[in-house]
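The file query_3.pdb contains PDB, C-alpha atoms:
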```pdb
ATOM      1  CA  MET A 229     -43.564   7.979  21.220
ATOM      2  CA  LYS A 230     -44.984   4.914  19.523
ATOM      3  CA  ILE A 231     -44.076   1.246  20.030
ATOM      4  CA  ARG A 232     -44.702  -1.116  17.127
ATOM      5  CA  PRO A 233     -43.438  -4.378  15.624
ATOM      6  CA  GLU A 234     -40.362  -4.058  13.456
ATOM      7  CA  ASN A 235     -40.650  -4.265   9.708
ATOM      8  CA  VAL A 236     -38.037  -5.081   7.080
ATOM      9  CA  SER A 237     -37.248  -1.430   6.412
ATOM     10  CA  ASP A 238     -36.239  -1.037  10.104
ATOM     11  CA  ASN A 239     -33.464  -3.657  10.047
ATOM     12  CA  GLY A 240     -30.558  -1.328   9.249
ATOM     13  CA  ALA A 241     -31.656   1.268  11.787
ATOM     14  CA  ILE A 242     -32.137  -1.433  14.457
ATOM     15  CA  SER A 243     -28.632  -2.743  13.805
ATOM     16  CA  ALA A 244     -27.082   0.732  14.009
ATOM     17  CA  LEU A 245     -29.030   1.657  17.151
ATOM     18  CA  THR A 246     -28.167  -1.621  18.897
ATOM     19  CA  TYR A 247     -24.483  -1.185  18.077
ATOM     20  CA  GLN A 248     -24.514   2.370  19.450
ATOM     21  CA  ALA A 249     -26.426   1.353  22.578
ATOM     22  CA  PHE A 250     -23.829  -1.285  23.473
ATOM     23  CA  GLU A 251     -20.710   0.557  22.333
ATOM     24  CA  ASN A 252     -18.406   1.004  25.347
ATOM     25  CA  HIS A 253     -20.902  -0.871  27.548
ATOM     26  CA  PRO A 254     -19.399  -1.521  31.009
ATOM     27  CA  HIS A 255     -19.896  -5.299  30.656
ATOM     28  CA  HIS A 256     -17.759  -5.406  27.521
ATOM     29  CA  ALA A 257     -13.985  -5.588  27.741
ATOM     30  CA  PRO A 258     -12.464  -2.131  27.232
ATOM     31  CA  GLY A 259     -12.235  -1.430  23.511
ATOM     32  CA  ALA A 260     -14.266  -4.523  22.564
ATOM     33  CA  GLU A 261     -16.701  -4.138  19.698
ATOM     34  CA  PRO A 262     -20.356  -4.817  20.552
ATOM     35  CA  THR A 263     -21.944  -7.973  19.129
ATOM     36  CA  GLU A 264     -25.555  -7.468  20.216
ATOM     37  CA  HIS A 265     -26.536  -6.071  16.810
ATOM     38  CA  LEU A 266     -25.225  -9.284  15.223
ATOM     39  CA  ILE A 267     -27.303 -11.361  17.646
ATOM     40  CA  VAL A 268     -30.494  -9.607  16.534
ATOM     41  CA  GLN A 269     -29.535 -10.050  12.891
ATOM     42  CA  LYS A 270     -28.785 -13.781  13.327
ATOM     43  CA  LEU A 271     -32.018 -14.349  15.280
ATOM     44  CA  ARG A 272     -33.948 -12.667  12.466
ATOM     45  CA  GLU A 273     -32.130 -14.650   9.758
ATOM     46  CA  SER A 274     -32.769 -17.903  11.645
ATOM     47  CA  GLY A 275     -36.486 -17.168  11.932
ATOM     48  CA  VAL A 276     -36.476 -17.237  15.729
ATOM     49  CA  LEU A 277     -36.920 -13.539  16.475
ATOM     50  CA  SER A 278     -40.291 -14.153  18.125
ATOM     51  CA  VAL A 279     -41.002 -10.591  19.239
ATOM     52  CA  SER A 280     -39.146  -7.574  17.886
ATOM     53  CA  LEU A 281     -40.511  -4.165  18.813
ATOM     54  CA  ILE A 282     -39.231  -0.684  18.153
ATOM     55  CA  ALA A 283     -39.891   2.603  19.893
ATOM     56  CA  GLU A 284     -39.966   5.621  17.600
ATOM     57  CA  ASP A 285     -41.018   9.220  17.426
ATOM     58  CA  ASP A 286     -40.953  11.881  14.722
ATOM     59  CA  THR A 287     -37.155  11.977  14.900
ATOM     60  CA  GLY A 288     -36.767   8.247  14.196
ATOM     61  CA  LEU A 289     -35.856   5.065  16.033
ATOM     62  CA  LEU A 290     -35.362   5.433  19.792
ATOM     63  CA  GLY A 291     -35.171   1.838  21.003
ATOM     64  CA  HIS A 292     -35.577  -1.841  20.222
ATOM     65  CA  ILE A 293     -36.306  -5.052  22.130
ATOM     66  CA  ALA A 294     -35.987  -8.683  21.074
ATOM     67  CA  PHE A 295     -37.383 -11.957  22.431
ATOM     68  CA  SER A 296     -36.435 -15.426  21.204
ATOM     69  CA  PRO A 297     -37.149 -18.981  22.367
ATOM     70  CA  VAL A 298     -34.833 -20.716  24.828
ATOM     71  CA  THR A 299     -34.465 -24.393  25.652
ATOM     72  CA  ILE A 300     -34.101 -25.852  29.117
ATOM     73  CA  ALA A 301     -32.040 -29.026  29.560
ATOM     74  CA  GLN A 302     -32.432 -31.244  32.608
ATOM     75  CA  ALA A 303     -29.399 -32.769  34.328
ATOM     76  CA  ASN A 304     -29.817 -35.950  32.242
ATOM     77  CA  GLY A 305     -29.709 -33.878  29.032
ATOM     78  CA  ASP A 306     -33.419 -34.181  28.257
ATOM     79  CA  ILE A 307     -35.001 -30.997  26.987
ATOM     80  CA  VAL A 308     -37.898 -29.764  29.115
ATOM     81  CA  GLU A 309     -40.948 -29.127  26.954
ATOM     82  CA  ASN A 310     -41.659 -25.488  27.501
ATOM     83  CA  ASN A 311     -42.652 -22.225  25.973
ATOM     84  CA  TRP A 312     -40.000 -20.012  27.570
ATOM     85  CA  PHE A 313     -38.356 -17.034  25.919
ATOM     86  CA  GLY A 314     -35.224 -14.996  26.408
ATOM     87  CA  LEU A 315     -35.482 -11.216  26.606
ATOM     88  CA  GLY A 316     -32.646  -9.447  24.929
ATOM     89  CA  PRO A 317     -31.068  -7.512  23.760
ATOM     90  CA  VAL A 318     -32.939  -4.358  24.678
ATOM     91  CA  SER A 319     -31.380  -1.235  23.219
ATOM     92  CA  VAL A 320     -32.049   2.465  23.604
ATOM     93  CA  SER A 321     -30.289   5.194  21.673
ATOM     94  CA  PRO A 322     -27.590   6.704  23.918
ATOM     95  CA  ALA A 323     -29.158  10.144  23.470
ATOM     96  CA  HIS A 324     -32.468   8.840  24.855
ATOM     97  CA  GLN A 325     -31.330   6.567  27.682
ATOM     98  CA  GLY A 326     -32.721   7.251  31.131
ATOM     99  CA  LYS A 327     -36.064   8.490  29.797
ATOM    100  CA  GLY A 328     -38.119   5.331  30.380
ATOM    101  CA  ILE A 329     -38.018   4.069  26.790
ATOM    102  CA  GLY A 330     -36.419   0.763  27.785
ATOM    103  CA  SER A 331     -39.054   0.257  30.483
ATOM    104  CA  GLN A 332     -41.858   0.879  28.017
ATOM    105  CA  LEU A 333     -40.303  -1.551  25.528
ATOM    106  CA  ILE A 334     -39.943  -4.222  28.214
ATOM    107  CA  ARG A 335     -43.566  -3.887  29.314
ATOM    108  CA  ALA A 336     -44.861  -3.930  25.726
ATOM    109  CA  GLY A 337     -42.609  -6.846  24.833
ATOM    110  CA  MET A 338     -43.729  -8.861  27.860
ATOM    111  CA  GLU A 339     -47.348  -8.347  26.797
ATOM    112  CA  GLU A 340     -46.527  -9.543  23.271
ATOM    113  CA  VAL A 341     -44.649 -12.639  24.411
ATOM    114  CA  ALA A 342     -47.434 -13.454  26.896
ATOM    115  CA  ALA A 343     -49.903 -13.257  24.013
ATOM    116  CA  LEU A 344     -47.811 -15.944  22.292
ATOM    117  CA  GLY A 345     -48.554 -18.230  25.230
ATOM    118  CA  ALA A 346     -45.164 -17.907  26.908
ATOM    119  CA  GLU A 347     -44.847 -19.729  30.209
ATOM    120  CA  GLY A 348     -41.957 -17.554  31.285
ATOM    121  CA  VAL A 349     -39.096 -15.277  30.305
ATOM    122  CA  VAL A 350     -35.419 -15.349  31.236
ATOM    123  CA  LEU A 351     -32.774 -12.670  30.887
ATOM    124  CA  LEU A 352     -29.211 -11.851  31.690
ATOM    125  CA  GLY A 353     -29.082  -8.383  33.188
ATOM    126  CA  GLU A 354     -28.758  -6.016  36.100
ATOM    127  CA  PRO A 355     -30.864  -7.282  39.042
ATOM    128  CA  GLU A 356     -31.589  -3.785  40.386
ATOM    129  CA  TYR A 357     -33.063  -2.749  37.051
ATOM    130  CA  TYR A 358     -35.039  -5.853  36.130
ATOM    131  CA  LYS A 359     -36.585  -6.616  39.520
ATOM    132  CA  ARG A 360     -38.980  -3.685  38.950
ATOM    133  CA  PHE A 361     -40.561  -5.792  36.176
ATOM    134  CA  GLY A 362     -40.983  -8.835  38.420
ATOM    135  CA  PHE A 363     -37.786 -10.675  37.440
ATOM    136  CA  TYR A 364     -35.801 -12.534  40.087
ATOM    137  CA  ALA A 365     -32.944 -15.026  40.310
ATOM    138  CA  ASP A 366     -34.125 -18.601  40.791
ATOM    139  CA  ALA A 367     -31.772 -21.477  41.596
ATOM    140  CA  ASN A 368     -33.887 -23.867  39.467
ATOM    141  CA  LEU A 369     -32.736 -22.273  36.203
ATOM    142  CA  ILE A 370     -29.116 -21.565  35.455
ATOM    143  CA  LEU A 371     -27.165 -20.061  32.613
ATOM    144  CA  GLU A 372     -23.732 -21.604  32.699
ATOM    145  CA  GLY A 373     -20.789 -19.260  33.019
ATOM    146  CA  VAL A 374     -22.604 -16.281  34.531
ATOM    147  CA  PRO A 375     -23.129 -15.208  38.144
ATOM    148  CA  ALA A 376     -26.487 -16.564  39.314
ATOM    149  CA  GLU A 377     -27.791 -13.200  40.526
ATOM    150  CA  TYR A 378     -27.580 -11.765  36.986
ATOM    151  CA  PHE A 379     -29.620 -14.553  35.388
ATOM    152  CA  MET A 380     -33.248 -13.835  36.138
ATOM    153  CA  VAL A 381     -36.685 -15.324  35.447
ATOM    154  CA  LYS A 382     -40.301 -14.299  35.396
ATOM    155  CA  ILE A 383     -43.221 -16.719  35.205
ATOM    156  CA  LEU A 384     -45.976 -15.561  32.856
ATOM    157  CA  SER A 385     -48.298 -18.537  32.744
ATOM    158  CA  GLU A 386     -51.036 -18.275  35.355
ATOM    159  CA  GLY A 387     -51.297 -22.059  35.570
ATOM    160  CA  GLU A 388     -47.584 -22.546  36.163
ATOM    161  CA  THR A 389     -46.468 -22.074  39.732
ATOM    162  CA  GLU A 390     -42.933 -23.471  39.601
ATOM    163  CA  VAL A 391     -39.899 -22.545  37.585
ATOM    164  CA  PRO A 392     -38.602 -25.544  35.590
ATOM    165  CA  VAL A 393     -35.313 -27.082  36.704
ATOM    166  CA  GLY A 394     -32.405 -27.104  34.301
ATOM    167  CA  VAL A 395     -29.801 -25.314  32.260
ATOM    168  CA  VAL A 396     -31.036 -22.646  29.872
ATOM    169  CA  HIS A 397     -29.667 -22.494  26.349
ATOM    170  CA  TYR A 398     -30.191 -19.471  24.138
ATOM    171  CA  HIS A 399     -30.257 -19.802  20.349
ATOM    172  CA  GLN A 400     -26.839 -20.235  18.747
ATOM    173  CA  ALA A 401     -27.047 -16.610  17.563
ATOM    174  CA  PHE A 402     -25.914 -15.663  21.075
ATOM    175  CA  SER A 403     -22.692 -17.697  20.740
TER     176      SER A 403
END
```
Spell out the structure here as structure tokens.
Amino acid sequence: MKIRPENVSDNGAISALTYQAFENHPHHAPGAEPTEHLIVQKLRESGVLSVSLIAEDDTGLLGHIAFSPVTIAQANGDIVENNWFGLGPVSVSPAHQGKGIGSQLIRAGMEEVAALGAEGVVLLGEPEYYKRFGFYADANLILEGVPAEYFMVKILSEGETEVPVGVVHYHQAFS
């Protein structure tokens, strides 16, 4: 298996894979159509898809991961100057789930976003899964409308020792 940055010719396959990966996902309402593939497309179209990696082998695309910038607003509405990113979505072909592809994409993606100078990464996801990568819930950062334990952070900057305080806002593509 090889992990590499996406290229334009991958866009259709990424969209199809992401749709399939989230079809009938337990966090979606029963029968609801996935929207994660549209998020990736809108991030790309808006020029804010900061890191987009695919995992592939001789059979084709196996997985994809996306990172995009987030903003952090203080209680007074001021935006905290930061270089924080949101991880997601991460997608693995249903036929290849449970084989470590998602883990490899997360590790490779974290290296790429760290190379961009990221101070930290946030995500909305399963705590039991993401804690193995060093993510944890932190009361300083919140994502409105979601249970706090599912919104997790990881500091990447060696010089930064504290998580900023505020409300995280993902790009409008997530709306």
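Shortest atom-to-atom contact with Glu340 in chain A among A:Leu315, A:Val374, A:Ile300, A:Ala241: A:Leu315, counting only C-alpha atoms.
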For range 245-251 of chain A: contacts at 7 Å, only C-alpha atoms, fewer than 4 positions along chain excluded, given as a VMD selection string
chain A and resid 241 261 to 262 264 to 265 319 to 322
I would like the residues chosen by the PyMOL selection byres ((chain A and resi 347) around 10) on the shown file; could you give them as an NGL selection string?
:A and (310-313 or 341-342 or 344-346 or 348-349 or 382-389 or 391)
Two-atom distance - CA of Gln332 in chain A, CA of Phe363 in chain A (Å)
15.5 Å
Applying the PyMOL selection byres ((chain A and resi 282) around 9) to the file I just gave you, which residues come out? Please list them as an MDAnalysis selection string.
chainID A and resid 230:234 238 242 280:281 283:284 289:293 333
Quick one: write out the picked residues with C-alpha atoms as a CSV table (one decimal), in the frame of the given file?
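The new file out.csv reads:
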```
chain,number,residue,atom,x,y,z
A,230,LYS,CA,-45.0,4.9,19.5
A,231,ILE,CA,-44.1,1.2,20.0
A,232,ARG,CA,-44.7,-1.1,17.1
A,233,PRO,CA,-43.4,-4.4,15.6
A,234,GLU,CA,-40.4,-4.1,13.5
A,238,ASP,CA,-36.2,-1.0,10.1
A,242,ILE,CA,-32.1,-1.4,14.5
A,280,SER,CA,-39.1,-7.6,17.9
A,281,LEU,CA,-40.5,-4.2,18.8
A,283,ALA,CA,-39.9,2.6,19.9
A,284,GLU,CA,-40.0,5.6,17.6
A,289,LEU,CA,-35.9,5.1,16.0
A,290,LEU,CA,-35.4,5.4,19.8
A,291,GLY,CA,-35.2,1.8,21.0
A,292,HIS,CA,-35.6,-1.8,20.2
A,293,ILE,CA,-36.3,-5.1,22.1
A,333,LEU,CA,-40.3,-1.6,25.5
```
